Amino acid sequence: MAKQLAAVWDIGKTNAKLALADLATGAVEATATASFPSLAGPPYRRLDVDSLWNWFGAELGRLAAGRRLEAVAVTAHGACGAVVGDEGLALPVYDYEDLAADEAEAEYAKLRPPFAETFSPPLPGGLNYGKSLFWQARSFPEEFARARHILSYAQYWSWMLCGVAATE
């Protein structure tokens with residue numbers, strides 16, 4: 001009987017890792033890594049989703065050649081997300097370490113729930129994903145109005161893989 005394998009795609013901001021793991025034993029059968037620096041604006045510093053997508057397709061094809069995959073699992077940083085429209089991204093994926101979203105800090109602070117409710121302190125740039133979305137909606141209203149889904153970064157890539165927009 002052939003091994004049952006899962007592809008695990010771990011997407012960091014600048015590095016991506018892909019591993020094939022044996023579902024029965026957890027043993028890692030093959031790996032690949034690559035670095036994807038952020039891209040400068042306009043409209044703002046953003047993650048290089050096109051290069052990441054192309055790399056993933058090529059590496060998955062290489063690592064899984066002649067093997068049967070049972071599942072693909074995606075993991076990524078929780079401060080990152082995607083505003084998706086009918087035709088793909090409505091806005092580029094904001095680099096959550098960029099400080100552009102800080103220009104909305106004073107206005108966002110008036111709406112932000114208190115720490116006792118969220119257990120999340122105010123953080124710089126886009127490390128509070130709600131602030132990133134607030135800033136994008138205020139700064140790019142036409143593009144933001146085209147949003148059909150707002151997905152965390154891991155769910156964005158899952159949507160890219162299977163076409164189903166879902167979140168946890």
# chains A, B, ... in the order shown; residues from 1 in each chain; ligands from 1
>>> select_by_dssp(residues="segment 8-73 of chain A", states="alpha helix (DSSP H)", output="ChimeraX atom specification")
/A:49-64
>>> closest_atom_pairs(of="segment 101-130 of chain A", to="segment 64-84 of chain A", cutoff="10 Å", atoms="only C-alpha atoms", output="Markdown table")
| residue | atom | partner | partner_atom | distance |
| --- | --- | --- | --- | --- |
| A:Gly126 | CA | A:Ala79 | CA | 6.9 |
| A:Leu127 | CA | A:Ala79 | CA | 5.2 |
| A:Asn128 | CA | A:Ala79 | CA | 6.0 |
| A:Tyr129 | CA | A:Ala79 | CA | 5.0 |
| A:Gly130 | CA | A:Ala79 | CA | 8.7 |
>>> write_last_selection(atoms="N, CA and C atoms", output="mmCIF file, in the first residue's frame")
data_model
loop_
_atom_site.group_PDB
_atom_site.id
_atom_site.type_symbol
_atom_site.label_atom_id
_atom_site.label_comp_id
_atom_site.auth_asym_id
_atom_site.auth_seq_id
_atom_site.Cartn_x
_atom_site.Cartn_y
_atom_site.Cartn_z
ATOM 1 N N GLY A 126 0.622 46.916 10.772
ATOM 2 C CA GLY A 126 -0.547 46.076 10.573
ATOM 3 C C GLY A 126 -0.577 44.848 11.448
ATOM 4 N N LEU A 127 0.159 44.861 12.546
ATOM 5 C CA LEU A 127 0.184 43.688 13.424
ATOM 6 C C LEU A 127 -1.151 43.435 14.097
ATOM 7 N N ASN A 128 -2.020 44.440 14.164
ATOM 8 C CA ASN A 128 -3.421 44.230 14.523
ATOM 9 C C ASN A 128 -4.186 44.223 13.205
ATOM 10 N N TYR A 129 -4.635 43.063 12.793
ATOM 11 C CA TYR A 129 -5.232 42.932 11.459
ATOM 12 C C TYR A 129 -6.451 43.848 11.289
ATOM 13 N N GLY A 130 -7.202 44.057 12.349
ATOM 14 C CA GLY A 130 -8.345 44.958 12.251
ATOM 15 C C GLY A 130 -7.935 46.363 11.844
#
>>> closest_residue(among="A:Ala27, A:Leu89, A:Glu168, A:Lys17", to="Leu5 of chain A", atoms="only C-alpha atoms")
A:Ala27
>>> residues_around(residues="segment 10-14 of chain A", least_positions_apart="6", cutoff="10 Å", atoms="only C-alpha atoms", output="ChimeraX atom specification")
/A:33-38,47-48,52,73-77,80,95-97,153-154,157
>>> write_last_selection(atoms="N, CA, C and O atoms", output="JSON list (two decimals), in the first residue's frame")
[["chain", "number", "residue", "atom", "x", "y", "z"],
["A", 33, "THR", "N", 12.34, 25.14, 0.64],
["A", 33, "THR", "CA", 12.19, 26.47, 1.25],
["A", 33, "THR", "C", 12.58, 27.54, 0.24],
["A", 33, "THR", "O", 13.36, 27.27, -0.68],
["A", 34, "ALA", "N", 12.04, 28.71, 0.44],
["A", 34, "ALA", "CA", 12.40, 29.84, -0.42],
["A", 34, "ALA", "C", 12.10, 31.13, 0.34],
["A", 34, "ALA", "O", 11.31, 31.15, 1.28],
["A", 35, "SER", "N", 12.74, 32.20, -0.08],
["A", 35, "SER", "CA", 12.56, 33.51, 0.53],
["A", 35, "SER", "C", 11.82, 34.43, -0.43],
["A", 35, "SER", "O", 12.10, 34.45, -1.63],
["A", 36, "PHE", "N", 10.89, 35.21, 0.13],
["A", 36, "PHE", "CA", 10.08, 36.12, -0.68],
["A", 36, "PHE", "C", 10.00, 37.48, 0.01],
["A", 36, "PHE", "O", 9.09, 37.73, 0.81],
["A", 37, "PRO", "N", 10.95, 38.36, -0.27],
["A", 37, "PRO", "CA", 10.91, 39.69, 0.34],
["A", 37, "PRO", "C", 9.66, 40.47, -0.10],
["A", 37, "PRO", "O", 9.10, 40.23, -1.17],
["A", 38, "SER", "N", 9.27, 41.41, 0.73],
["A", 38, "SER", "CA", 8.14, 42.28, 0.40],
["A", 38, "SER", "C", 8.48, 43.13, -0.81],
["A", 38, "SER", "O", 9.64, 43.39, -1.11],
["A", 47, "LEU", "N", 3.04, 41.91, 0.21],
["A", 47, "LEU", "CA", 3.67, 40.60, 0.10],
["A", 47, "LEU", "C", 3.64, 40.14, -1.36],
["A", 47, "LEU", "O", 2.71, 40.45, -2.11],
["A", 48, "ASP", "N", 4.65, 39.40, -1.75],
["A", 48, "ASP", "CA", 4.82, 38.96, -3.14],
["A", 48, "ASP", "C", 4.05, 37.66, -3.38],
["A", 48, "ASP", "O", 4.63, 36.58, -3.47],
["A", 52, "LEU", "N", 5.24, 33.73, -4.73],
["A", 52, "LEU", "CA", 4.98, 32.65, -3.78],
["A", 52, "LEU", "C", 4.10, 31.57, -4.41],
["A", 52, "LEU", "O", 4.37, 30.37, -4.29],
["A", 73, "ALA", "N", -2.22, 21.16, 3.88],
["A", 73, "ALA", "CA", -2.48, 22.02, 5.03],
["A", 73, "ALA", "C", -1.67, 23.29, 4.87],
["A", 73, "ALA", "O", -0.51, 23.24, 4.47],
["A", 74, "VAL", "N", -2.29, 24.43, 5.16],
["A", 74, "VAL", "CA", -1.64, 25.72, 5.01],
["A", 74, "VAL", "C", -1.63, 26.43, 6.36],
["A", 74, "VAL", "O", -2.64, 26.46, 7.06],
["A", 75, "THR", "N", -0.50, 27.01, 6.70],
["A", 75, "THR", "CA", -0.39, 27.81, 7.91],
["A", 75, "THR", "C", 0.34, 29.11, 7.58],
["A", 75, "THR", "O", 1.20, 29.12, 6.70],
["A", 76, "ALA", "N", -0.06, 30.18, 8.25],
["A", 76, "ALA", "CA", 0.56, 31.49, 8.00],
["A", 76, "ALA", "C", 0.34, 32.39, 9.21],
["A", 76, "ALA", "O", -0.45, 32.07, 10.11],
["A", 77, "HIS", "N", 1.01, 33.53, 9.24],
["A", 77, "HIS", "CA", 0.93, 34.48, 10.34],
["A", 77, "HIS", "C", -0.48, 35.05, 10.46],
["A", 77, "HIS", "O", -1.10, 35.41, 9.46],
["A", 80, "CYS", "N", -1.89, 38.71, 9.10],
["A", 80, "CYS", "CA", -1.94, 38.96, 7.66],
["A", 80, "CYS", "C", -3.24, 38.42, 7.08],
["A", 80, "CYS", "O", -3.76, 37.41, 7.54],
["A", 95, "ASP", "N", 1.77, 44.22, 3.75],
["A", 95, "ASP", "CA", 2.87, 43.74, 4.59],
["A", 95, "ASP", "C", 2.62, 44.27, 6.00],
["A", 95, "ASP", "O", 2.76, 45.46, 6.26],
["A", 96, "TYR", "N", 2.23, 43.40, 6.90],
["A", 96, "TYR", "CA", 1.80, 43.80, 8.23],
["A", 96, "TYR", "C", 2.89, 44.46, 9.06],
["A", 96, "TYR", "O", 2.60, 45.05, 10.10],
["A", 97, "GLU", "N", 4.16, 44.39, 8.64],
["A", 97, "GLU", "CA", 5.22, 45.11, 9.36],
["A", 97, "GLU", "C", 5.42, 46.53, 8.83],
["A", 97, "GLU", "O", 6.14, 47.31, 9.44],
["A", 153, "TYR", "N", -4.58, 35.06, 5.98],
["A", 153, "TYR", "CA", -3.61, 34.69, 4.94],
["A", 153, "TYR", "C", -3.63, 33.19, 4.65],
["A", 153, "TYR", "O", -3.60, 32.78, 3.49],
["A", 154, "ALA", "N", -3.72, 32.35, 5.66],
["A", 154, "ALA", "CA", -3.79, 30.90, 5.43],
["A", 154, "ALA", "C", -5.06, 30.54, 4.65],
["A", 154, "ALA", "O", -5.02, 29.73, 3.72],
["A", 157, "TRP", "N", -4.80, 31.37, 0.91],
["A", 157, "TRP", "CA", -4.10, 30.36, 0.11],
["A", 157, "TRP", "C", -4.93, 29.10, -0.04],
["A", 157, "TRP", "O", -4.90, 28.44, -1.08]]
>>> residues_around(residues="Glu107 of chain A", least_positions_apart="5", cutoff="12 Å", atoms="only C-alpha atoms", output="ChimeraX atom specification")
/A:101-102,112,131,134-135,138
>>> residues_around(residues="Leu60 of chain A", least_positions_apart="3", cutoff="8 Å", atoms="only C-alpha atoms", output="PyMOL selection string")
chain A and resi 7+18+56-57+63-64
>>> write_last_selection(atoms="C-alpha atoms", output="CSV table (one decimal), in the first residue's frame")
chain,number,residue,atom,x,y,z
A,7,ALA,CA,1.7,18.6,1.9
A,18,LEU,CA,6.8,23.1,2.0
A,56,PHE,CA,4.5,26.6,-4.5
A,57,GLY,CA,3.1,25.1,-7.7
A,63,LEU,CA,8.2,17.1,-4.5
A,64,ALA,CA,5.0,15.1,-5.1
>>> closest_residue(among="A:Trp9, A:Arg45, A:Lys110, A:Phe119", to="Gln155 of chain A", atoms="only C-alpha atoms")
A:Trp9
>>> select_by_dssp(residues="chain A", states="strand (DSSP E or B)", output="ChimeraX atom specification")
/A:5-11,15-22,28-35,39,46,69-76,81-85,88-89,94,149-152
>>> write_last_selection(atoms="C-alpha atoms", output="PDB file, in the first residue's frame")
ATOM      1  CA  LEU A   5       1.121  11.887   2.314  1.00  0.00           C
ATOM      2  CA  ALA A   6       0.119  15.423   3.196  1.00  0.00           C
ATOM      3  CA  ALA A   7       1.712  18.599   1.916  1.00  0.00           C
ATOM      4  CA  VAL A   8       2.257  21.154   4.679  1.00  0.00           C
ATOM      5  CA  TRP A   9       2.779  24.703   3.438  1.00  0.00           C
ATOM      6  CA  ASP A  10       4.116  27.039   6.126  1.00  0.00           C
ATOM      7  CA  ILE A  11       4.073  30.611   4.855  1.00  0.00           C
ATOM      8  CA  ASN A  15      10.259  32.562   3.978  1.00  0.00           C
ATOM      9  CA  ALA A  16       8.029  29.769   2.816  1.00  0.00           C
ATOM     10  CA  LYS A  17       8.457  26.122   3.659  1.00  0.00           C
ATOM     11  CA  LEU A  18       6.839  23.143   1.998  1.00  0.00           C
ATOM     12  CA  ALA A  19       7.041  19.639   3.432  1.00  0.00           C
ATOM     13  CA  LEU A  20       5.584  16.301   2.467  1.00  0.00           C
ATOM     14  CA  ALA A  21       4.750  14.296   5.573  1.00  0.00           C
ATOM     15  CA  ASP A  22       3.700  10.675   6.013  1.00  0.00           C
ATOM     16  CA  VAL A  28       8.923  14.275   6.751  1.00  0.00           C
ATOM     17  CA  GLU A  29       9.613  12.795   3.324  1.00  0.00           C
ATOM     18  CA  ALA A  30      10.742  15.907   1.413  1.00  0.00           C
ATOM     19  CA  THR A  31      11.123  19.652   1.946  1.00  0.00           C
ATOM     20  CA  ALA A  32      11.650  22.899   0.057  1.00  0.00           C
ATOM     21  CA  THR A  33      12.190  26.469   1.254  1.00  0.00           C
ATOM     22  CA  ALA A  34      12.398  29.844  -0.418  1.00  0.00           C
ATOM     23  CA  SER A  35      12.564  33.507   0.534  1.00  0.00           C
ATOM     24  CA  LEU A  39       7.562  44.467  -2.626  1.00  0.00           C
ATOM     25  CA  ARG A  46       2.937  44.298   0.069  1.00  0.00           C
ATOM     26  CA  LEU A  69      -1.246  13.427  -1.785  1.00  0.00           C
ATOM     27  CA  GLU A  70      -4.180  12.991   0.582  1.00  0.00           C
ATOM     28  CA  ALA A  71      -4.264  16.536   1.919  1.00  0.00           C
ATOM     29  CA  VAL A  72      -2.727  19.990   1.813  1.00  0.00           C
ATOM     30  CA  ALA A  73      -2.481  22.017   5.032  1.00  0.00           C
ATOM     31  CA  VAL A  74      -1.642  25.722   5.006  1.00  0.00           C
ATOM     32  CA  THR A  75      -0.391  27.808   7.909  1.00  0.00           C
ATOM     33  CA  ALA A  76       0.556  31.494   7.997  1.00  0.00           C
ATOM     34  CA  GLY A  81      -4.957  38.660   5.431  1.00  0.00           C
ATOM     35  CA  ALA A  82      -6.373  39.233   2.003  1.00  0.00           C
ATOM     36  CA  VAL A  83      -9.195  41.352   0.656  1.00  0.00           C
ATOM     37  CA  VAL A  84     -10.596  39.246  -2.176  1.00  0.00           C
ATOM     38  CA  GLY A  85     -12.972  40.363  -4.906  1.00  0.00           C
ATOM     39  CA  GLY A  88      -8.971  37.740  -7.209  1.00  0.00           C
ATOM     40  CA  LEU A  89      -7.357  40.216  -4.848  1.00  0.00           C
ATOM     41  CA  TYR A  94      -0.515  44.390   2.979  1.00  0.00           C
ATOM     42  CA  HIS A 149     -14.285  37.963   1.072  1.00  0.00           C
ATOM     43  CA  ILE A 150     -11.876  39.011   3.778  1.00  0.00           C
ATOM     44  CA  LEU A 151      -9.693  36.011   4.520  1.00  0.00           C
ATOM     45  CA  SER A 152      -6.813  35.372   6.853  1.00  0.00           C
TER      46      SER A 152
END
>>> decode(residues="segment 34-53 of chain A", atoms="N, CA, C and O atoms", output="PDB file, in the first residue's frame")
ATOM      1  N   ALA A  34      12.044  28.710   0.438  1.00  0.00           N
ATOM      2  CA  ALA A  34      12.398  29.844  -0.418  1.00  0.00           C
ATOM      3  C   ALA A  34      12.099  31.128   0.343  1.00  0.00           C
ATOM      4  O   ALA A  34      11.309  31.148   1.277  1.00  0.00           O
ATOM      5  N   SER A  35      12.739  32.201  -0.083  1.00  0.00           N
ATOM      6  CA  SER A  35      12.564  33.507   0.534  1.00  0.00           C
ATOM      7  C   SER A  35      11.819  34.433  -0.428  1.00  0.00           C
ATOM      8  O   SER A  35      12.103  34.447  -1.627  1.00  0.00           O
ATOM      9  N   PHE A  36      10.887  35.209   0.131  1.00  0.00           N
ATOM     10  CA  PHE A  36      10.077  36.120  -0.675  1.00  0.00           C
ATOM     11  C   PHE A  36       9.996  37.480   0.009  1.00  0.00           C
ATOM     12  O   PHE A  36       9.091  37.729   0.806  1.00  0.00           O
ATOM     13  N   PRO A  37      10.948  38.357  -0.270  1.00  0.00           N
ATOM     14  CA  PRO A  37      10.908  39.693   0.340  1.00  0.00           C
ATOM     15  C   PRO A  37       9.664  40.471  -0.103  1.00  0.00           C
ATOM     16  O   PRO A  37       9.100  40.226  -1.173  1.00  0.00           O
ATOM     17  N   SER A  38       9.266  41.412   0.732  1.00  0.00           N
ATOM     18  CA  SER A  38       8.136  42.280   0.400  1.00  0.00           C
ATOM     19  C   SER A  38       8.478  43.132  -0.814  1.00  0.00           C
ATOM     20  O   SER A  38       9.645  43.390  -1.107  1.00  0.00           O
ATOM     21  N   LEU A  39       7.427  43.588  -1.474  1.00  0.00           N
ATOM     22  CA  LEU A  39       7.562  44.467  -2.626  1.00  0.00           C
ATOM     23  C   LEU A  39       7.216  45.891  -2.209  1.00  0.00           C
ATOM     24  O   LEU A  39       6.273  46.115  -1.437  1.00  0.00           O
ATOM     25  N   ALA A  40       7.948  46.850  -2.728  1.00  0.00           N
ATOM     26  CA  ALA A  40       7.665  48.262  -2.440  1.00  0.00           C
ATOM     27  C   ALA A  40       6.368  48.682  -3.133  1.00  0.00           C
ATOM     28  O   ALA A  40       5.893  48.009  -4.048  1.00  0.00           O
ATOM     29  N   GLY A  41       5.810  49.794  -2.699  1.00  0.00           N
ATOM     30  CA  GLY A  41       4.597  50.319  -3.317  1.00  0.00           C
ATOM     31  C   GLY A  41       4.854  50.857  -4.699  1.00  0.00           C
ATOM     32  O   GLY A  41       5.974  50.759  -5.178  1.00  0.00           O
ATOM     33  N   PRO A  42       3.881  51.393  -5.360  1.00  0.00           N
ATOM     34  CA  PRO A  42       2.562  51.659  -4.843  1.00  0.00           C
ATOM     35  C   PRO A  42       1.657  50.419  -4.899  1.00  0.00           C
ATOM     36  O   PRO A  42       1.985  49.499  -5.607  1.00  0.00           O
ATOM     37  N   PRO A  43       0.550  50.382  -4.235  1.00  0.00           N
ATOM     38  CA  PRO A  43       0.043  51.470  -3.413  1.00  0.00           C
ATOM     39  C   PRO A  43       0.636  51.476  -1.999  1.00  0.00           C
ATOM     40  O   PRO A  43       0.503  52.469  -1.294  1.00  0.00           O
ATOM     41  N   TYR A  44       1.259  50.371  -1.587  1.00  0.00           N
ATOM     42  CA  TYR A  44       1.912  50.271  -0.284  1.00  0.00           C
ATOM     43  C   TYR A  44       2.802  49.028  -0.307  1.00  0.00           C
ATOM     44  O   TYR A  44       2.745  48.237  -1.257  1.00  0.00           O
ATOM     45  N   ARG A  45       3.629  48.872   0.730  1.00  0.00           N
ATOM     46  CA  ARG A  45       4.467  47.677   0.789  1.00  0.00           C
ATOM     47  C   ARG A  45       3.558  46.461   0.952  1.00  0.00           C
ATOM     48  O   ARG A  45       2.648  46.465   1.779  1.00  0.00           O
ATOM     49  N   ARG A  46       3.840  45.445   0.135  1.00  0.00           N
ATOM     50  CA  ARG A  46       2.937  44.298   0.069  1.00  0.00           C
ATOM     51  C   ARG A  46       3.724  43.005  -0.045  1.00  0.00           C
ATOM     52  O   ARG A  46       4.906  43.006  -0.389  1.00  0.00           O
ATOM     53  N   LEU A  47       3.040  41.906   0.209  1.00  0.00           N
ATOM     54  CA  LEU A  47       3.671  40.598   0.096  1.00  0.00           C
ATOM     55  C   LEU A  47       3.638  40.139  -1.358  1.00  0.00           C
ATOM     56  O   LEU A  47       2.707  40.446  -2.111  1.00  0.00           O
ATOM     57  N   ASP A  48       4.650  39.401  -1.753  1.00  0.00           N
ATOM     58  CA  ASP A  48       4.818  38.961  -3.144  1.00  0.00           C
ATOM     59  C   ASP A  48       4.054  37.660  -3.379  1.00  0.00           C
ATOM     60  O   ASP A  48       4.631  36.581  -3.474  1.00  0.00           O
ATOM     61  N   VAL A  49       2.733  37.779  -3.481  1.00  0.00           N
ATOM     62  CA  VAL A  49       1.891  36.596  -3.611  1.00  0.00           C
ATOM     63  C   VAL A  49       2.078  35.883  -4.947  1.00  0.00           C
ATOM     64  O   VAL A  49       1.967  34.655  -5.011  1.00  0.00           O
ATOM     65  N   ASP A  50       2.379  36.605  -6.002  1.00  0.00           N
ATOM     66  CA  ASP A  50       2.552  35.962  -7.311  1.00  0.00           C
ATOM     67  C   ASP A  50       3.779  35.053  -7.323  1.00  0.00           C
ATOM     68  O   ASP A  50       3.700  33.900  -7.778  1.00  0.00           O
ATOM     69  N   SER A  51       4.892  35.534  -6.816  1.00  0.00           N
ATOM     70  CA  SER A  51       6.100  34.700  -6.772  1.00  0.00           C
ATOM     71  C   SER A  51       5.902  33.508  -5.847  1.00  0.00           C
ATOM     72  O   SER A  51       6.334  32.389  -6.155  1.00  0.00           O
ATOM     73  N   LEU A  52       5.239  33.734  -4.726  1.00  0.00           N
ATOM     74  CA  LEU A  52       4.981  32.647  -3.779  1.00  0.00           C
ATOM     75  C   LEU A  52       4.097  31.570  -4.413  1.00  0.00           C
ATOM     76  O   LEU A  52       4.373  30.372  -4.291  1.00  0.00           O
ATOM     77  N   TRP A  53       3.061  31.975  -5.099  1.00  0.00           N
ATOM     78  CA  TRP A  53       2.147  31.034  -5.757  1.00  0.00           C
ATOM     79  C   TRP A  53       2.873  30.218  -6.836  1.00  0.00           C
ATOM     80  O   TRP A  53       2.707  28.999  -6.922  1.00  0.00           O
TER      81      TRP A  53
END
